[in-house]
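First comes the structure, then the notes that go with it.
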Amino acid sequence: MTVPRLTPTRLSIETLSAISLRDGDKPVLRRVSLAVDTGEVHGLVGESGAGKSTIAKAILGIIPSQVKVTGGQIDFEGRDLLALRPGELRDILGRDIALIPQDPSTALNPARRIDAQMTDGLCLKRGLSAKEARTRARALLEEVQIRDPDRVLTSYPHQLSGGMRQRVLIAAAFGLEPKLVIADEPTTALDVTVQKQILRLIRSLQESHGTSVLFVSHDLGVVAKICDRVTVLYMGKVVEQGVTADVLNAPRHAYTKALLAANPRYDRPDIGLEPTPPEVVATLRAEIAAFDASIAGARNG
Amino acid sequence: MEHWAPTTTTAAADTSPQPPSVAARLVRDPKVVCAGGFILLLIVVAVAAPLVAPQDPLAQNLLMATVPPAGFPDAEAGFLLGTDGLGRDVLSRVIFGTRVSLTVAFVAAGLACLIGSVLGLLAGFLGGWVEVLVSRLVDIWMAFPPVLLSILLVAVLGTGLHSVIAAIVVIDWTRFCRVVRTETMGQAQMDYVVAARTIGFARPAILFREIFPNVVPVLIALLTLEMGIAVVVEAILSFVGLSVSSDTPTWGGMIAEGRQVVHEAWWVLAVPLAALFATVVAFNQLGDGLARSLDPVLRR
């Protein structure tokens, strides 16, 4: 599959494989390769259990203990993140790579005020003084269109709404001026009305800061709105990959078609919300079995 | 493909007013104000005991033995709460008794808290063999009957204030250790701790910035509770004569003496008992109020 490369690659995942130790060594990632270019928003789509979060966690070095990476590399600016020592990875995290977490209600520490939580990273990773960091945090909150930043800074998380908290987390992530932001289903826990604003915000910050974004989502509708390119995963295997418009307008794989058909269509209430047809699932499973067999064969032969 | 253009929509501001400061919240809590005020009063009385006490707490006057408190028949001026079997002023002795009780409360509970929470934080955060080692130690430790263990300890170390404090610390650190360990383990799983790891924070930074602030409210509640317990334990050891020497007035010692003359002079028993009771209640209520006011999630 050839994808036009306009800009240099920032993050490149090569044949990443992982197994679940708890689940009889079942593969969770099957030789996944994808590249996120500079200034690009790359969508990572799939149903739950497809392995999209595992990829995000592998990049951030927070793979759960029951999952084991068995092969491949995660190349970030010429260094394999999987091969780094913990201290080296810690240097990169927060400075070059930042996370927008999924659930804003649990991702902020309930015992600490917003100013303390926002300035932490700025002091530690950007070397700002406490006073500079606070000024910067205030400016960042203004950048994410929070009207009364001073009140938000002195608030505790439970005093803010879900949308406000997600804005704070987005401000904190982009405020570190990372080269890559990993957005792990950033709108899933939010109201539909707030979702739209948050997507718009991520896109505008990404454009103004020139950040690359790996956007993890199960929602093709969301991905269509924000992503330049998209990778579709099923059972840890890349099913389809390409420019978002191409993939969505002319899906080559039956599974992508099925995913599109499963999306609600507000403009066409007569179609949409179709479950994945059983023959598509059967074909996919057969493909994956054949793929696993070919890998095993290549290893043995 | 539709890209959303950046717009200037402003997030709706929450209507809740500026959150009150911690101090303002504490002052509004009646439990904190009443119990804290009482304990503050006790501290002042203990520090200024020679100035506050109407009589010398050790001065015996056999002609004035078992004088009842003011308001009762045969009461004598100058002995507001009566005298004991040796004619010593009960009020003055209770006042001087606060010194021993509060010293034990603060020092013993503080040290037990320090040792227990450090071990609990390490066990809960590091996990692995540290956790196994600390947990087994706590299990074994808690199998000893506490009062007997403290009597044994004081018997070995010799009587005196330092022995009483040592006995309480040695026995009660497990209380802190268990609670802090569980709390820390729970916190370590939370999303914001994982989020802190993804900013590349080192482990000590995560422990002190993310986890410890969430353990503090429960720790403070436990600490004040432990102060109440320490006061009672000191009284028990005084009662059996294993605390400070008998020329220092203690509430436990007074209760022991009062027990012998309870039929002729009930006040010798009742007054220190009331002081003990009020102090323990105050510590418990203060802990409850502090936990409520300091916990950011429970705050209203």
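Simple scheme: letters A, B, ... for chains in structure tokens order, numbers from 1 for residues in each chain, numbers from 1 for ligands in the order shown.
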
Taking only C-alpha atoms into account, produce a table as JSON lines in which each residue of chain A with an atom at most 6 Å from an atom of chain B appears once, together with its shortest atom pair and the distance in Å to one decimal, ordered by chain and rising number.
```
{"residue": "A:Leu60", "atom": "CA", "partner": "B:Thr198", "partner_atom": "CA", "distance": 5.9}
{"residue": "A:Arg90", "atom": "CA", "partner": "B:Gly200", "partner_atom": "CA", "distance": 4.1}
{"residue": "A:Leu93", "atom": "CA", "partner": "B:Gly200", "partner_atom": "CA", "distance": 4.8}
{"residue": "A:Gly94", "atom": "CA", "partner": "B:Ile199", "partner_atom": "CA", "distance": 3.9}
{"residue": "A:Thr106", "atom": "CA", "partner": "B:Asp191", "partner_atom": "CA", "distance": 5.6}
{"residue": "A:Ala107", "atom": "CA", "partner": "B:Tyr192", "partner_atom": "CA", "distance": 4.3}
{"residue": "A:Leu108", "atom": "CA", "partner": "B:Tyr192", "partner_atom": "CA", "distance": 5.2}
{"residue": "A:Asn109", "atom": "CA", "partner": "B:Tyr192", "partner_atom": "CA", "distance": 5.6}
{"residue": "A:Ala111", "atom": "CA", "partner": "B:Asn214", "partner_atom": "CA", "distance": 5.5}
{"residue": "A:Gln145", "atom": "CA", "partner": "B:Thr10", "partner_atom": "CA", "distance": 4.9}
{"residue": "A:Ile146", "atom": "CA", "partner": "B:Ala11", "partner_atom": "CA", "distance": 5.4}
{"residue": "A:Arg200", "atom": "CA", "partner": "B:Trp4", "partner_atom": "CA", "distance": 5.7}
{"residue": "A:Ser204", "atom": "CA", "partner": "B:Pro6", "partner_atom": "CA", "distance": 5.1}
{"residue": "A:Lys225", "atom": "CA", "partner": "B:Glu2", "partner_atom": "CA", "distance": 5.6}
{"residue": "A:Ala245", "atom": "CA", "partner": "B:Met1", "partner_atom": "CA", "distance": 5.5}
```

*Going by DSSP on the backbone, which bits of segment 156-235 of chain A are strand (DSSP E)? Write them as a PyMOL selection string, please.*
chain A and resi 180-184+212-217+229-234

*Quick one: residues within 9 Å of Glu257 of chain B, only C-alpha atoms counted, chain neighbours fewer than 5 positions away excluded, as number ranges by chain?*
B: 84-85, 239, 252, 262, 268-269

Write the selection just made, keeping C-alpha atoms, as an mmCIF file, in the first residue's frame?
```cif
data_model
loop_
_atom_site.group_PDB
_atom_site.id
_atom_site.type_symbol
_atom_site.label_atom_id
_atom_site.label_comp_id
_atom_site.auth_asym_id
_atom_site.auth_seq_id
_atom_site.Cartn_x
_atom_site.Cartn_y
_atom_site.Cartn_z
ATOM 1 C CA ASP B 84 -7.771 12.957 97.450
ATOM 2 C CA GLY B 85 -6.993 10.578 100.315
ATOM 3 C CA PHE B 239 -3.092 2.567 86.340
ATOM 4 C CA GLY B 252 -4.189 6.900 85.081
ATOM 5 C CA VAL B 262 -14.209 5.367 95.611
ATOM 6 C CA VAL B 268 -10.943 11.381 93.104
ATOM 7 C CA LEU B 269 -11.870 8.762 90.486
#
```

_segment 127-136 of chain A surroundings by only C-alpha atoms, 10 Å radius, close-in-sequence under 4 positions cut, as a PyMOL selection string_ = chain A and resi 115-116+118-123+140-142+153+175

What would the file look like if the residues just selected were written as a short mmCIF file (atom, residue, chain, number, x, y, z; two decimals), in the first residue's frame with C-alpha atoms?
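The resulting part-v8.cif:
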```cif
data_model
loop_
_atom_site.label_atom_id
_atom_site.label_comp_id
_atom_site.auth_asym_id
_atom_site.auth_seq_id
_atom_site.Cartn_x
_atom_site.Cartn_y
_atom_site.Cartn_z
CA ASP A 115 -2.30 25.02 38.87
CA ALA A 116 -0.12 22.50 40.70
CA MET A 118 -0.35 21.97 35.16
CA THR A 119 2.90 23.50 36.35
CA ASP A 120 4.45 20.13 37.31
CA GLY A 121 5.31 19.19 33.75
CA LEU A 122 6.29 22.73 32.78
CA CYS A 123 8.79 22.95 35.65
CA LEU A 140 -2.48 27.87 27.94
CA LEU A 141 -5.91 27.86 29.55
CA GLU A 142 -6.74 30.96 27.56
CA LEU A 153 -6.19 27.42 38.14
CA GLY A 175 1.68 23.18 26.71
#
```

*Based on DSSP run over this structure's backbone, return all residues of segment 91-257 of chain B in alpha helix (DSSP H), as an NGL selection string.*
:B and (91-103 or 109-126 or 128-142 or 146-157 or 161-188 or 191-198 or 203-205 or 212-239 or 251-257)
